[in-house]
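Listing of my_file13.pdb; format and content: PDB, N, CA and C atoms.
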ATOM      1  N   MET A   1       0.840  -1.179   0.000
ATOM      2  CA  MET A   1       0.000   0.000   0.000
ATOM      3  C   MET A   1       0.890   1.249   0.000
ATOM      4  N   ALA A   2       0.539   2.213  -0.826
ATOM      5  CA  ALA A   2       1.317   3.448  -0.933
ATOM      6  C   ALA A   2       1.139   4.298   0.321
ATOM      7  N   PRO A   3       2.179   5.036   0.684
ATOM      8  CA  PRO A   3       2.036   5.928   1.839
ATOM      9  C   PRO A   3       0.982   6.997   1.569
ATOM     10  N   ARG A   4       0.297   7.415   2.611
ATOM     11  CA  ARG A   4      -0.750   8.430   2.487
ATOM     12  C   ARG A   4      -0.194   9.782   2.909
ATOM     13  N   CYS A   5      -0.802  10.810   2.385
ATOM     14  CA  CYS A   5      -0.465  12.161   2.806
ATOM     15  C   CYS A   5      -1.084  12.396   4.181
ATOM     16  N   SER A   6      -0.360  13.065   5.044
ATOM     17  CA  SER A   6      -0.877  13.362   6.380
ATOM     18  C   SER A   6      -0.600  14.827   6.708
ATOM     19  N   VAL A   7      -1.315  15.320   7.685
ATOM     20  CA  VAL A   7      -1.087  16.692   8.138
ATOM     21  C   VAL A   7       0.357  16.837   8.605
ATOM     22  N   GLN A   8       0.864  15.859   9.345
ATOM     23  CA  GLN A   8       2.237  15.950   9.851
ATOM     24  C   GLN A   8       3.250  15.997   8.716
ATOM     25  N   LEU A   9       3.049  15.198   7.674
ATOM     26  CA  LEU A   9       3.941  15.230   6.516
ATOM     27  C   LEU A   9       3.922  16.617   5.881
ATOM     28  N   MET A  10       2.735  17.190   5.714
ATOM     29  CA  MET A  10       2.613  18.529   5.130
ATOM     30  C   MET A  10       3.295  19.575   6.002
ATOM     31  N   VAL A  11       3.084  19.514   7.299
ATOM     32  CA  VAL A  11       3.708  20.473   8.220
ATOM     33  C   VAL A  11       5.232  20.376   8.109
ATOM     34  N   ASP A  12       5.747  19.155   8.094
ATOM     35  CA  ASP A  12       7.194  18.959   7.989
ATOM     36  C   ASP A  12       7.742  19.510   6.677
ATOM     37  N   LEU A  13       7.032  19.259   5.568
ATOM     38  CA  LEU A  13       7.480  19.764   4.268
ATOM     39  C   LEU A  13       7.408  21.286   4.207
ATOM     40  N   LEU A  14       6.332  21.859   4.724
ATOM     41  CA  LEU A  14       6.213  23.320   4.729
ATOM     42  C   LEU A  14       7.313  23.957   5.571
ATOM     43  N   HIS A  15       7.657  23.314   6.656
ATOM     44  CA  HIS A  15       8.738  23.822   7.502
ATOM     45  C   HIS A  15      10.081  23.727   6.767
ATOM     46  N   ALA A  16      10.351  22.572   6.166
ATOM     47  CA  ALA A  16      11.631  22.345   5.499
ATOM     48  C   ALA A  16      11.786  23.158   4.219
ATOM     49  N   LYS A  17      10.739  23.242   3.421
ATOM     50  CA  LYS A  17      10.835  23.876   2.101
ATOM     51  C   LYS A  17      10.569  25.370   2.117
ATOM     52  N   VAL A  18       9.681  25.823   2.997
ATOM     53  CA  VAL A  18       9.225  27.213   2.950
ATOM     54  C   VAL A  18       9.533  27.962   4.248
ATOM     55  N   GLY A  19       9.886  27.233   5.294
ATOM     56  CA  GLY A  19      10.221  27.882   6.550
ATOM     57  C   GLY A  19       9.045  28.227   7.438
ATOM     58  N   VAL A  20       7.903  27.559   7.212
ATOM     59  CA  VAL A  20       6.746  27.797   8.078
ATOM     60  C   VAL A  20       7.086  27.282   9.475
ATOM     61  N   PRO A  21       6.968  28.129  10.497
ATOM     62  CA  PRO A  21       7.289  27.684  11.860
ATOM     63  C   PRO A  21       6.385  26.533  12.310
ATOM     64  N   LEU A  22       6.981  25.563  12.974
ATOM     65  CA  LEU A  22       6.218  24.409  13.447
ATOM     66  C   LEU A  22       5.180  24.788  14.494
ATOM     67  N   ASN A  23       5.381  25.909  15.164
ATOM     68  CA  ASN A  23       4.443  26.328  16.207
ATOM     69  C   ASN A  23       3.414  27.348  15.704
ATOM     70  N   THR A  24       3.180  27.382  14.397
ATOM     71  CA  THR A  24       2.178  28.285  13.831
ATOM     72  C   THR A  24       0.811  27.957  14.427
ATOM     73  N   PRO A  25       0.106  28.960  14.969
ATOM     74  CA  PRO A  25      -1.225  28.700  15.540
ATOM     75  C   PRO A  25      -2.187  28.157  14.481
ATOM     76  N   ASN A  26      -2.972  27.166  14.870
ATOM     77  CA  ASN A  26      -3.979  26.574  13.971
ATOM     78  C   ASN A  26      -3.386  26.191  12.620
ATOM     79  N   ILE A  27      -2.225  25.586  12.645
ATOM     80  CA  ILE A  27      -1.490  25.313  11.406
ATOM     81  C   ILE A  27      -2.298  24.468  10.415
ATOM     82  N   ASN A  28      -3.163  23.594  10.902
ATOM     83  CA  ASN A  28      -3.958  22.745   9.998
ATOM     84  C   ASN A  28      -4.923  23.557   9.157
ATOM     85  N   THR A  29      -5.451  24.636   9.739
ATOM     86  CA  THR A  29      -6.498  25.401   9.063
ATOM     87  C   THR A  29      -6.080  26.826   8.708
ATOM     88  N   ALA A  30      -4.874  27.236   9.086
ATOM     89  CA  ALA A  30      -4.396  28.572   8.716
ATOM     90  C   ALA A  30      -4.272  28.645   7.195
ATOM     91  N   SER A  31      -4.647  29.766   6.624
ATOM     92  CA  SER A  31      -4.588  29.902   5.162
ATOM     93  C   SER A  31      -3.136  29.980   4.702
ATOM     94  N   TRP A  32      -2.936  29.667   3.411
ATOM     95  CA  TRP A  32      -1.592  29.788   2.845
ATOM     96  C   TRP A  32      -1.091  31.216   3.054
ATOM     97  N   GLU A  33      -1.977  32.186   2.862
ATOM     98  CA  GLU A  33      -1.608  33.595   3.034
ATOM     99  C   GLU A  33      -1.170  33.878   4.473
ATOM    100  N   ASP A  34      -1.917  33.358   5.437
ATOM    101  CA  ASP A  34      -1.566  33.568   6.847
ATOM    102  C   ASP A  34      -0.203  32.969   7.194
ATOM    103  N   MET A  35       0.172  31.898   6.491
ATOM    104  CA  MET A  35       1.465  31.256   6.737
ATOM    105  C   MET A  35       2.552  31.795   5.810
ATOM    106  N   ALA A  36       2.188  32.794   4.977
ATOM    107  CA  ALA A  36       3.118  33.399   4.014
ATOM    108  C   ALA A  36       3.658  32.375   3.019
ATOM    109  N   VAL A  37       2.795  31.430   2.619
ATOM    110  CA  VAL A  37       3.165  30.433   1.620
ATOM    111  C   VAL A  37       2.679  30.943   0.265
ATOM    112  N   GLU A  38       3.619  31.226  -0.621
ATOM    113  CA  GLU A  38       3.291  31.718  -1.952
ATOM    114  C   GLU A  38       3.260  30.553  -2.932
ATOM    115  N   SER A  39       2.874  30.837  -4.167
ATOM    116  CA  SER A  39       2.699  29.774  -5.158
ATOM    117  C   SER A  39       3.983  28.988  -5.404
ATOM    118  N   LEU A  40       5.123  29.647  -5.429
ATOM    119  CA  LEU A  40       6.383  28.931  -5.649
ATOM    120  C   LEU A  40       6.664  27.959  -4.508
ATOM    121  N   GLY A  41       6.434  28.395  -3.289
ATOM    122  CA  GLY A  41       6.633  27.519  -2.138
ATOM    123  C   GLY A  41       5.695  26.333  -2.154
ATOM    124  N   LEU A  42       4.443  26.584  -2.525
ATOM    125  CA  LEU A  42       3.464  25.502  -2.602
ATOM    126  C   LEU A  42       3.850  24.519  -3.703
ATOM    127  N   THR A  43       4.392  25.033  -4.796
ATOM    128  CA  THR A  43       4.862  24.178  -5.884
ATOM    129  C   THR A  43       6.015  23.290  -5.409
ATOM    130  N   GLU A  44       6.941  23.850  -4.646
ATOM    131  CA  GLU A  44       8.060  23.065  -4.109
ATOM    132  C   GLU A  44       7.571  21.963  -3.172
ATOM    133  N   VAL A  45       6.621  22.303  -2.322
ATOM    134  CA  VAL A  45       6.061  21.321  -1.391
ATOM    135  C   VAL A  45       5.387  20.195  -2.170
ATOM    136  N   CYS A  46       4.633  20.545  -3.197
ATOM    137  CA  CYS A  46       3.935  19.523  -3.989
ATOM    138  C   CYS A  46       4.914  18.641  -4.754
ATOM    139  N   ALA A  47       6.000  19.216  -5.241
ATOM    140  CA  ALA A  47       7.018  18.405  -5.916
ATOM    141  C   ALA A  47       7.605  17.383  -4.942
ATOM    142  N   SER A  48       7.830  17.798  -3.717
ATOM    143  CA  SER A  48       8.327  16.866  -2.695
ATOM    144  C   SER A  48       7.295  15.797  -2.374
ATOM    145  N   LEU A  49       6.026  16.200  -2.302
ATOM    146  CA  LEU A  49       4.950  15.226  -2.066
ATOM    147  C   LEU A  49       4.894  14.204  -3.193
ATOM    148  N   GLU A  50       4.996  14.679  -4.429
ATOM    149  CA  GLU A  50       4.966  13.766  -5.575
ATOM    150  C   GLU A  50       6.094  12.751  -5.474
ATOM    151  N   HIS A  51       7.276  13.222  -5.137
ATOM    152  CA  HIS A  51       8.430  12.334  -5.010
ATOM    153  C   HIS A  51       8.238  11.343  -3.854
ATOM    154  N   THR A  52       7.783  11.839  -2.721
ATOM    155  CA  THR A  52       7.605  11.002  -1.528
ATOM    156  C   THR A  52       6.514   9.957  -1.713
ATOM    157  N   LEU A  53       5.402  10.371  -2.330
ATOM    158  CA  LEU A  53       4.238   9.489  -2.442
ATOM    159  C   LEU A  53       4.168   8.740  -3.767
ATOM    160  N   GLY A  54       5.006   9.117  -4.734
ATOM    161  CA  GLY A  54       5.004   8.448  -6.032
ATOM    162  C   GLY A  54       3.750   8.712  -6.841
ATOM    163  N   ILE A  55       3.240   9.938  -6.768
ATOM    164  CA  ILE A  55       2.025  10.303  -7.499
ATOM    165  C   ILE A  55       2.262  11.597  -8.263
ATOM    166  N   THR A  56       1.320  11.926  -9.146
ATOM    167  CA  THR A  56       1.328  13.208  -9.844
ATOM    168  C   THR A  56       0.190  14.043  -9.287
ATOM    169  N   ILE A  57       0.506  15.267  -8.909
ATOM    170  CA  ILE A  57      -0.487  16.162  -8.323
ATOM    171  C   ILE A  57      -0.735  17.307  -9.299
ATOM    172  N   PRO A  58      -1.963  17.440  -9.812
ATOM    173  CA  PRO A  58      -2.259  18.538 -10.746
ATOM    174  C   PRO A  58      -2.145  19.899 -10.053
ATOM    175  N   SER A  59      -1.230  20.723 -10.540
ATOM    176  CA  SER A  59      -0.950  21.990  -9.857
ATOM    177  C   SER A  59      -2.140  22.937  -9.834
ATOM    178  N   GLU A  60      -2.950  22.928 -10.888
ATOM    179  CA  GLU A  60      -4.102  23.843 -10.898
ATOM    180  C   GLU A  60      -5.069  23.529  -9.760
ATOM    181  N   GLU A  61      -5.167  22.271  -9.380
ATOM    182  CA  GLU A  61      -6.028  21.882  -8.266
ATOM    183  C   GLU A  61      -5.408  22.274  -6.921
ATOM    184  N   VAL A  62      -4.096  22.174  -6.840
ATOM    185  CA  VAL A  62      -3.395  22.531  -5.603
ATOM    186  C   VAL A  62      -3.667  23.988  -5.250
ATOM    187  N   PHE A  63      -3.636  24.848  -6.261
ATOM    188  CA  PHE A  63      -3.813  26.277  -6.015
ATOM    189  C   PHE A  63      -5.244  26.642  -5.658
ATOM    190  N   SER A  64      -6.160  25.703  -5.796
ATOM    191  CA  SER A  64      -7.538  25.974  -5.372
ATOM    192  C   SER A  64      -7.750  25.610  -3.898
ATOM    193  N   THR A  65      -6.741  24.995  -3.271
ATOM    194  CA  THR A  65      -6.853  24.697  -1.840
ATOM    195  C   THR A  65      -6.471  25.938  -1.041
ATOM    196  N   ASN A  66      -6.966  26.010   0.181
ATOM    197  CA  ASN A  66      -6.722  27.185   1.017
ATOM    198  C   ASN A  66      -5.817  26.930   2.211
ATOM    199  N   ASN A  67      -5.619  25.640   2.546
ATOM    200  CA  ASN A  67      -4.846  25.337   3.752
ATOM    201  C   ASN A  67      -4.359  23.891   3.725
ATOM    202  N   ILE A  68      -3.648  23.511   4.769
ATOM    203  CA  ILE A  68      -3.083  22.162   4.857
ATOM    204  C   ILE A  68      -4.175  21.101   4.826
ATOM    205  N   GLN A  69      -5.221  21.296   5.608
ATOM    206  CA  GLN A  69      -6.298  20.305   5.683
ATOM    207  C   GLN A  69      -6.892  20.027   4.306
ATOM    208  N   GLU A  70      -7.159  21.073   3.543
ATOM    209  CA  GLU A  70      -7.733  20.901   2.206
ATOM    210  C   GLU A  70      -6.754  20.209   1.269
ATOM    211  N   LEU A  71      -5.476  20.562   1.347
ATOM    212  CA  LEU A  71      -4.492  19.940   0.467
ATOM    213  C   LEU A  71      -4.313  18.462   0.799
ATOM    214  N   VAL A  72      -4.267  18.122   2.079
ATOM    215  CA  VAL A  72      -4.147  16.714   2.479
ATOM    216  C   VAL A  72      -5.348  15.924   1.964
ATOM    217  N   ALA A  73      -6.543  16.458   2.124
ATOM    218  CA  ALA A  73      -7.752  15.774   1.644
ATOM    219  C   ALA A  73      -7.702  15.599   0.131
ATOM    220  N   PHE A  74      -7.260  16.629  -0.583
ATOM    221  CA  PHE A  74      -7.174  16.538  -2.041
ATOM    222  C   PHE A  74      -6.166  15.474  -2.466
ATOM    223  N   VAL A  75      -4.974  15.511  -1.882
ATOM    224  CA  VAL A  75      -3.932  14.544  -2.249
ATOM    225  C   VAL A  75      -4.401  13.125  -1.955
ATOM    226  N   ASN A  76      -5.030  12.916  -0.817
ATOM    227  CA  ASN A  76      -5.517  11.579  -0.492
ATOM    228  C   ASN A  76      -6.649  11.149  -1.416
ATOM    229  N   SER A  77      -7.428  12.090  -1.929
ATOM    230  CA  SER A  77      -8.512  11.727  -2.856
ATOM    231  C   SER A  77      -7.957  11.256  -4.196
ATOM    232  N   ILE A  78      -6.823  11.797  -4.624
ATOM    233  CA  ILE A  78      -6.261  11.338  -5.898
ATOM    234  C   ILE A  78      -5.450  10.060  -5.727
ATOM    235  N   GLN A  79      -5.117   9.724  -4.491
ATOM    236  CA  GLN A  79      -4.413   8.470  -4.224
ATOM    237  C   GLN A  79      -5.376   7.291  -4.136
ATOM    238  N   ALA A  80      -6.645   7.574  -3.907
ATOM    239  CA  ALA A  80      -7.623   6.498  -3.670
ATOM    240  C   ALA A  80      -7.829   5.647  -4.899
TER     241      ALA A  80
END
Rewrite the structure from the file as structure tokens, please.
Amino acid sequence: MAPRCSVQLMVDLLHAKVGVPLNTPNINTASWEDMAVESLGLTEVCASLEHTLGITIPSEEVFSTNNIQELVAFVNSIQA
């Protein structure tokens, strides 16, 4: 079974790739804007997710998400 995307994986990638502090309040539901995550940073995170999970993530769909929770749900829906 392929590994699943999780909130913790996303938090770790956002911290490593974009510098989002691990102690960000409400990190699961904070908006990309609130976390200062721009499109380039989100693209880097998704590239890492693709490599880690062995999947292709359509970028246009990624940019329609607003936060970690939505992105995790989207990634897991395309893995199903």
Quiz item: Mind checking DSSP for chain A and telling me the alpha helix (DSSP H) residues as number ranges by chain?
Solution: A: 7-18, 39-53, 59-62, 68-79
Self-check item: Between atom C of A:Gln79 and atom C of A:Val18 - distance in Å to one decimal
Solution: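 Taking atom C of A:Val18 and atom C of A:Gln79, their separation equals 26.8 Å.
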Self-check item: Residue IDs satisfying the PyMOL selection byres ((chain A and resi 46-57) around 8), as JSON, numbers by chain
Solution: {"A": [2, 3, 4, 5, 13, 40, 41, 42, 43, 44, 45, 58, 59, 60, 61, 62, 75, 78, 79]}
Self-check item: Selection result for the PyMOL selection byres (((chain A and resi 15 and name CA) around 12) and name CA) on this file, as a PyMOL selection string
Solution: chain A and resi 8-14+16-24+27+35-37+41-42+44-45
Selection export as a compact mmCIF listing (two decimals), in the frame of the given file, atoms kept: N, CA and C atoms:
# COMPACT_ATOMS: atom_id res chain seq x y z
N GLN A 8 0.86 15.86 9.35
CA GLN A 8 2.24 15.95 9.85
C GLN A 8 3.25 16.00 8.72
N LEU A 9 3.05 15.20 7.67
CA LEU A 9 3.94 15.23 6.52
C LEU A 9 3.92 16.62 5.88
N MET A 10 2.74 17.19 5.71
CA MET A 10 2.61 18.53 5.13
C MET A 10 3.30 19.58 6.00
N VAL A 11 3.08 19.51 7.30
CA VAL A 11 3.71 20.47 8.22
C VAL A 11 5.23 20.38 8.11
N ASP A 12 5.75 19.16 8.09
CA ASP A 12 7.19 18.96 7.99
C ASP A 12 7.74 19.51 6.68
N LEU A 13 7.03 19.26 5.57
CA LEU A 13 7.48 19.76 4.27
C LEU A 13 7.41 21.29 4.21
N LEU A 14 6.33 21.86 4.72
CA LEU A 14 6.21 23.32 4.73
C LEU A 14 7.31 23.96 5.57
N ALA A 16 10.35 22.57 6.17
CA ALA A 16 11.63 22.34 5.50
C ALA A 16 11.79 23.16 4.22
N LYS A 17 10.74 23.24 3.42
CA LYS A 17 10.84 23.88 2.10
C LYS A 17 10.57 25.37 2.12
N VAL A 18 9.68 25.82 3.00
CA VAL A 18 9.22 27.21 2.95
C VAL A 18 9.53 27.96 4.25
N GLY A 19 9.89 27.23 5.29
CA GLY A 19 10.22 27.88 6.55
C GLY A 19 9.04 28.23 7.44
N VAL A 20 7.90 27.56 7.21
CA VAL A 20 6.75 27.80 8.08
C VAL A 20 7.09 27.28 9.48
N PRO A 21 6.97 28.13 10.50
CA PRO A 21 7.29 27.68 11.86
C PRO A 21 6.38 26.53 12.31
N LEU A 22 6.98 25.56 12.97
CA LEU A 22 6.22 24.41 13.45
C LEU A 22 5.18 24.79 14.49
N ASN A 23 5.38 25.91 15.16
CA ASN A 23 4.44 26.33 16.21
C ASN A 23 3.41 27.35 15.70
N THR A 24 3.18 27.38 14.40
CA THR A 24 2.18 28.28 13.83
C THR A 24 0.81 27.96 14.43
N ILE A 27 -2.22 25.59 12.64
CA ILE A 27 -1.49 25.31 11.41
C ILE A 27 -2.30 24.47 10.42
N MET A 35 0.17 31.90 6.49
CA MET A 35 1.46 31.26 6.74
C MET A 35 2.55 31.80 5.81
N ALA A 36 2.19 32.79 4.98
CA ALA A 36 3.12 33.40 4.01
C ALA A 36 3.66 32.38 3.02
N VAL A 37 2.80 31.43 2.62
CA VAL A 37 3.16 30.43 1.62
C VAL A 37 2.68 30.94 0.26
N GLY A 41 6.43 28.40 -3.29
CA GLY A 41 6.63 27.52 -2.14
C GLY A 41 5.70 26.33 -2.15
N LEU A 42 4.44 26.58 -2.52
CA LEU A 42 3.46 25.50 -2.60
C LEU A 42 3.85 24.52 -3.70
N GLU A 44 6.94 23.85 -4.65
CA GLU A 44 8.06 23.06 -4.11
C GLU A 44 7.57 21.96 -3.17
N VAL A 45 6.62 22.30 -2.32
CA VAL A 45 6.06 21.32 -1.39
C VAL A 45 5.39 20.20 -2.17
Self-check item: Neighbour list for A:Ala30 as a ChimeraX atom specification, cut-off 6.5 Å, only N, CA and C atoms, skip fewer than 5 positions in-chain
Solution: /A:25,35,66-68
Exercise. Rounded to one decimal place, report the atom C of A:Ser6-atom CA of A:Val72 distance in Å.
Key: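 Going from atom C of A:Ser6 over to atom CA of A:Val72, I get 5.8 Å.
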Practice problem: Quick one: pull the distance between atom CA of A:Trp32 and atom C of A:Ser64, Å, one decimal. | Solution: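 Between these atoms lies a distance of 10.0 Å.
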